[in-house]
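Chemist: The structure follows.
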Amino acid sequence: MWDALVSYQEDKIIKKSLLNEGIIFTVVVLLFGAGLISSIVGNAGDTIPNTISYESNTPTSGITIYNGSLSGYVNDTSMNPIEGARIRVYFHETFEENYSDSSGRYHVANIPICYCMKNCTASKEGYATEGVLLDITENTTRDFVLTPLDPCYPVFNGTMGDNGWFVNCVTITFIFDPEEISAVYYKVDGGSWQIYSGPLIVCDDGVYELCWRYVDNEGHQSDIYCEYFMIDQTKPEIELTVDTYKEDGLWYLVLTAIAEDECSGMNRVEFYINDILQEKIIGPGPNYEWIIPWILENYSVTGLICNRRITEENVSFFAFIVKTSAQYPINWDDTVKAKAYDNAGNWALCVMDSPSPPPDFPIIFRHFTFCNNYEGYIGRFFIDAVFEKGPLVTTLSCKI
C-alpha cells in the first residue's frame with residue numbers, strides 16, 4: 001500500500017508535501033486505533049467463558065477450571081445430519097448440554113478439566129442413545145452416529161455420576177406406539193419375563209442387564225434386545241491412621257487411608273490439611289499412604305562431639321550426646337482429612353486431629369554427616385549449630 005502511495009505522489013510531484021509530520025502522525029494513529037478496535041472486538045467475540053469454581057482439583061491450585069469443551073457432528077447411519085440431537089456431558093452429579101444445528105454440528109462448553117472421565121451422550125427421540133467416556137480438554141472433538149430405533153425402546157432416567165454410573169435410583173420407561181405394539185415384555189438380570197405396564201424403578205447398587213421384546217398388533221414377536229446400566233449410590237468406607245518412623249536420623253510422618261468400595265470400586269484418596277488439598281493418590285486401593293518428612297527447613301544439633309571433619313561441602317562428626325530439634329509439617333491445632341472417592345463419584349470423609357510430634361530423644365554415639373551450610377558454632381569437642389537439612393544418608397558430596 002505504501003509503495004502505491006509513493007508512486008502516486010511521484011506522478012503528482014508532491015511527494016515531499018505529503019510526507020510531512022502531520023500526515024505520518026495521522027496514519028500512525030489510525031493504524032493504532034484500528035488494531036485496538038480489532039483487539040477489543042476479538043476479545044468480545046470469545047463465547048467460551050473461563051469460569052473458576054473453588055472445588056479442589058490439584059495440590060497446587062485447589063480449583064477446577066471450567067474451560068473444557070466438546071464439539072463435533074451428529075449424523076444417522078446413512079451419514080445424514082441430525083438436527084436437534086441433545087448432547088450431554090455429565091460430571092460431578094450435574095451436566096452441561098447443547099443441541100445440534102441443521103448441519104448436525106454441536107458445541108458444549110463450561111466443562112471442568114479434572115481427573116475424571118466424562119460420560120458424554122447424544123440422543124434424540126426415535127434413535128438409540130450413543131454414549132462414550134471421554135477425557136475432556138479445552139478443545140475435545142467427537143462425532144456421534146445415531147441408529148434409528150425399533151418401534152420400542154427403553155429410556156433410563158436418574159442422576160448420572162462419574163464414569164457412566166448412576167448415583168441414585170434409575171427409572172426405566174419404554175417408549176412405543178400402542179397403535180403398532182400390543183405388548184412389551186422385559187426382564188432384569190436373567191429374571192422371569194414381565195409384561196410392561198408402567199415405569200419400573202431399580203434402586204439397588206450393581207451392574208444390571210435389561211432385556212426386552214415386544215409383540216405388534218398383528219401378533220409378530222420381535223427379537224430380544226439387551227442393554228446394561230450401572231448403579232452405585234453408596235459412599236466408600238475409609239479409615240485414617242497415623243504413624244511415625246525414623247530413618248538415617250530423620251523422622252517421618254505416615255498417614256495411611258484404608259478405603260474400599262464394593263460396587264464401582266475405588267478411584268482415589270485426597271489428603272487435606274486445614275481443608276487445603278496436599279496430596280492426591282489415584283488407584284484401586286485399598287491402601288493409600290502419604291509419607292511426610294518431619295523436618296522441613298532446618299535441623300539443630302547441640303552436644304558433645306569428636307573426630308570432626310569439615311570440608312567445603314560436608315561436616316561430619318561422632319556425637320556422644322546430641323539433642324536434635326526440627327520443624328514439623330503439621331501443627332498441633334491443624335486438622336487432617338482424608339477424602340475417598342469411588343469410580344461413580346461418591347465420596348466419604350475421615351477427619352482427625354493433628355498427630356503429636358515425636359519426642360526429641362538424645363542420640364548417643366552416632367556418626368553424622370551434614371551439608372556444610374550451617375549457622376552456629378562447631379568446636380573441637382562441642383557443637384551448637386543449625387543445618388538447613390537433616391543428616392545425609394551417605395557421606396557423598398552434597399550439592400545445594
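Going by the C-alpha cells order, chains are called A, B, ..., each with residues numbered from 1, while ligands are numbered from 1 in the order shown.
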Enumerate, as number ranges by chain, the complete set of residues in segment 112-354 of chain A that a backbone-based DSSP assignment places in strand (DSSP E).
Modeler: A: 112-113, 118-123, 130-134, 140-141, 144-146, 153-157, 170-175, 181-188, 194-195, 200-202, 206-216, 225-231, 237-247, 250-260, 266-273, 276-282, 287-293, 299-310, 314-326, 335-342, 347-353
Chemist: What residues in segment 34-273 of chain A get the DSSP label helix (DSSP H, G or I)? Please answer as a list in words.
Modeler: Ala34, Gly35, Leu36, Ile37, Ser38, Ser39, Ile40, Val41, Gly42, Asn43 and Ala44 of chain A
Chemist: Next, write the just-selected residues to a file, as an mmCIF file, in the first residue's frame, keeping C-alpha atoms as the atom set.
Modeler:
data_model
loop_
_atom_site.group_PDB
_atom_site.id
_atom_site.type_symbol
_atom_site.label_atom_id
_atom_site.label_comp_id
_atom_site.auth_asym_id
_atom_site.auth_seq_id
_atom_site.Cartn_x
_atom_site.Cartn_y
_atom_site.Cartn_z
ATOM 1 C CA ALA A 34 -7.710 0.009 14.056
ATOM 2 C CA GLY A 35 -5.519 -2.505 15.836
ATOM 3 C CA LEU A 36 -7.029 -1.590 19.210
ATOM 4 C CA ILE A 37 -10.594 -1.893 17.886
ATOM 5 C CA SER A 38 -9.746 -5.251 16.288
ATOM 6 C CA SER A 39 -8.348 -6.465 19.608
ATOM 7 C CA ILE A 40 -11.437 -5.332 21.509
ATOM 8 C CA VAL A 41 -13.831 -6.887 19.006
ATOM 9 C CA GLY A 42 -11.825 -10.110 19.009
ATOM 10 C CA ASN A 43 -11.997 -10.350 22.803
ATOM 11 C CA ALA A 44 -15.693 -9.521 22.851
#
Chemist: Please provide as an mmCIF file with C-alpha atoms, in the first residue's frame all residues within 6 Å of Cys211 of chain A, with the sequence filter that same-chain residues fewer than 6 positions apart are discarded (counting only C-alpha atoms).
Modeler:
data_model
loop_
_atom_site.group_PDB
_atom_site.id
_atom_site.type_symbol
_atom_site.label_atom_id
_atom_site.label_comp_id
_atom_site.auth_asym_id
_atom_site.auth_seq_id
_atom_site.Cartn_x
_atom_site.Cartn_y
_atom_site.Cartn_z
ATOM 1 C CA TYR A 186 -38.894 -57.221 29.937
ATOM 2 C CA LYS A 187 -36.599 -58.946 32.418
ATOM 3 C CA TYR A 225 -32.763 -56.713 22.839
ATOM 4 C CA CYS A 226 -30.495 -56.113 25.855
#
Chemist: Between atom CA of Phe91 of chain A and atom CA of Tyr127 of chain A, what is the spacing in Å?
Modeler: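 Those two atoms sit 23.7 Å apart.
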Chemist: Rank nothing, just name the residue among A:Gly303, A:Pro199, A:Gly158, A:Pro178 nearest to Gln233 of chain A, using only C-alpha atoms.
Modeler: A:Gly158
Chemist: With distances taken over only C-alpha atoms, which of A:Cys371, A:Val336, A:Ile82, A:Val167 is nearest to Gly104 of chain A?
Modeler: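 The closest residue to Gly104 of chain A is A:Ile82.
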Chemist: Which residue is closest to Val184 of chain A? Choose from A:Gly126, A:Pro154, A:Pro112, A:Gly161 and count only C-alpha atoms.
Modeler: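 Using only C-alpha atoms, Val184 of chain A sits closest to A:Pro154.
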Chemist: When you look at segment 141-147 of chain A with a cut-off of 7 Å (counting only C-alpha atoms), what residues show up, excluding the ones that are within fewer than 4 positions of it in the same chain? I need them as an NGL selection string.
Modeler: :A and (70-77 or 122 or 127-130)
Chemist: Those selected residues, please, written with N, CA and C atoms and delivered as a PDB file, in the first residue's frame.
Modeler:
ATOM      1  N   LEU A  70     -16.571 -29.702  24.268  1.00  0.00           N
ATOM      2  CA  LEU A  70     -16.748 -30.863  23.397  1.00  0.00           C
ATOM      3  C   LEU A  70     -17.560 -30.412  22.191  1.00  0.00           C
ATOM      4  N   SER A  71     -17.074 -30.721  20.997  1.00  0.00           N
ATOM      5  CA  SER A  71     -17.776 -30.317  19.783  1.00  0.00           C
ATOM      6  C   SER A  71     -17.641 -31.410  18.731  1.00  0.00           C
ATOM      7  N   GLY A  72     -18.488 -31.324  17.705  1.00  0.00           N
ATOM      8  CA  GLY A  72     -18.459 -32.312  16.626  1.00  0.00           C
ATOM      9  C   GLY A  72     -19.766 -32.307  15.869  1.00  0.00           C
ATOM     10  N   TYR A  73     -20.067 -33.436  15.227  1.00  0.00           N
ATOM     11  CA  TYR A  73     -21.266 -33.560  14.401  1.00  0.00           C
ATOM     12  C   TYR A  73     -22.053 -34.796  14.819  1.00  0.00           C
ATOM     13  N   VAL A  74     -23.389 -34.731  14.591  1.00  0.00           N
ATOM     14  CA  VAL A  74     -24.282 -35.855  14.843  1.00  0.00           C
ATOM     15  C   VAL A  74     -24.937 -36.233  13.514  1.00  0.00           C
ATOM     16  N   ASN A  75     -24.751 -37.493  13.110  1.00  0.00           N
ATOM     17  CA  ASN A  75     -25.318 -37.993  11.863  1.00  0.00           C
ATOM     18  C   ASN A  75     -26.059 -39.296  12.118  1.00  0.00           C
ATOM     19  N   ASP A  76     -26.910 -39.687  11.146  1.00  0.00           N
ATOM     20  CA  ASP A  76     -27.520 -41.005  11.246  1.00  0.00           C
ATOM     21  C   ASP A  76     -26.625 -42.027  10.548  1.00  0.00           C
ATOM     22  N   THR A  77     -27.077 -43.256  10.489  1.00  0.00           N
ATOM     23  CA  THR A  77     -26.227 -44.320   9.931  1.00  0.00           C
ATOM     24  C   THR A  77     -25.995 -44.157   8.433  1.00  0.00           C
ATOM     25  N   ALA A 122     -25.295 -38.639  23.200  1.00  0.00           N
ATOM     26  CA  ALA A 122     -26.050 -37.962  22.147  1.00  0.00           C
ATOM     27  C   ALA A 122     -27.368 -38.708  21.992  1.00  0.00           C
ATOM     28  N   TYR A 127     -34.147 -42.504  17.972  1.00  0.00           N
ATOM     29  CA  TYR A 127     -32.797 -43.026  17.739  1.00  0.00           C
ATOM     30  C   TYR A 127     -32.260 -43.630  19.037  1.00  0.00           C
ATOM     31  N   ALA A 128     -31.395 -44.614  18.890  1.00  0.00           N
ATOM     32  CA  ALA A 128     -30.726 -45.187  20.057  1.00  0.00           C
ATOM     33  C   ALA A 128     -29.702 -44.198  20.581  1.00  0.00           C
ATOM     34  N   THR A 129     -29.681 -43.999  21.887  1.00  0.00           N
ATOM     35  CA  THR A 129     -28.722 -43.085  22.502  1.00  0.00           C
ATOM     36  C   THR A 129     -27.323 -43.660  22.395  1.00  0.00           C
ATOM     37  N   GLU A 130     -26.376 -42.818  21.996  1.00  0.00           N
ATOM     38  CA  GLU A 130     -24.972 -43.230  21.942  1.00  0.00           C
ATOM     39  C   GLU A 130     -24.222 -42.553  23.085  1.00  0.00           C
TER      40      GLU A 130
END
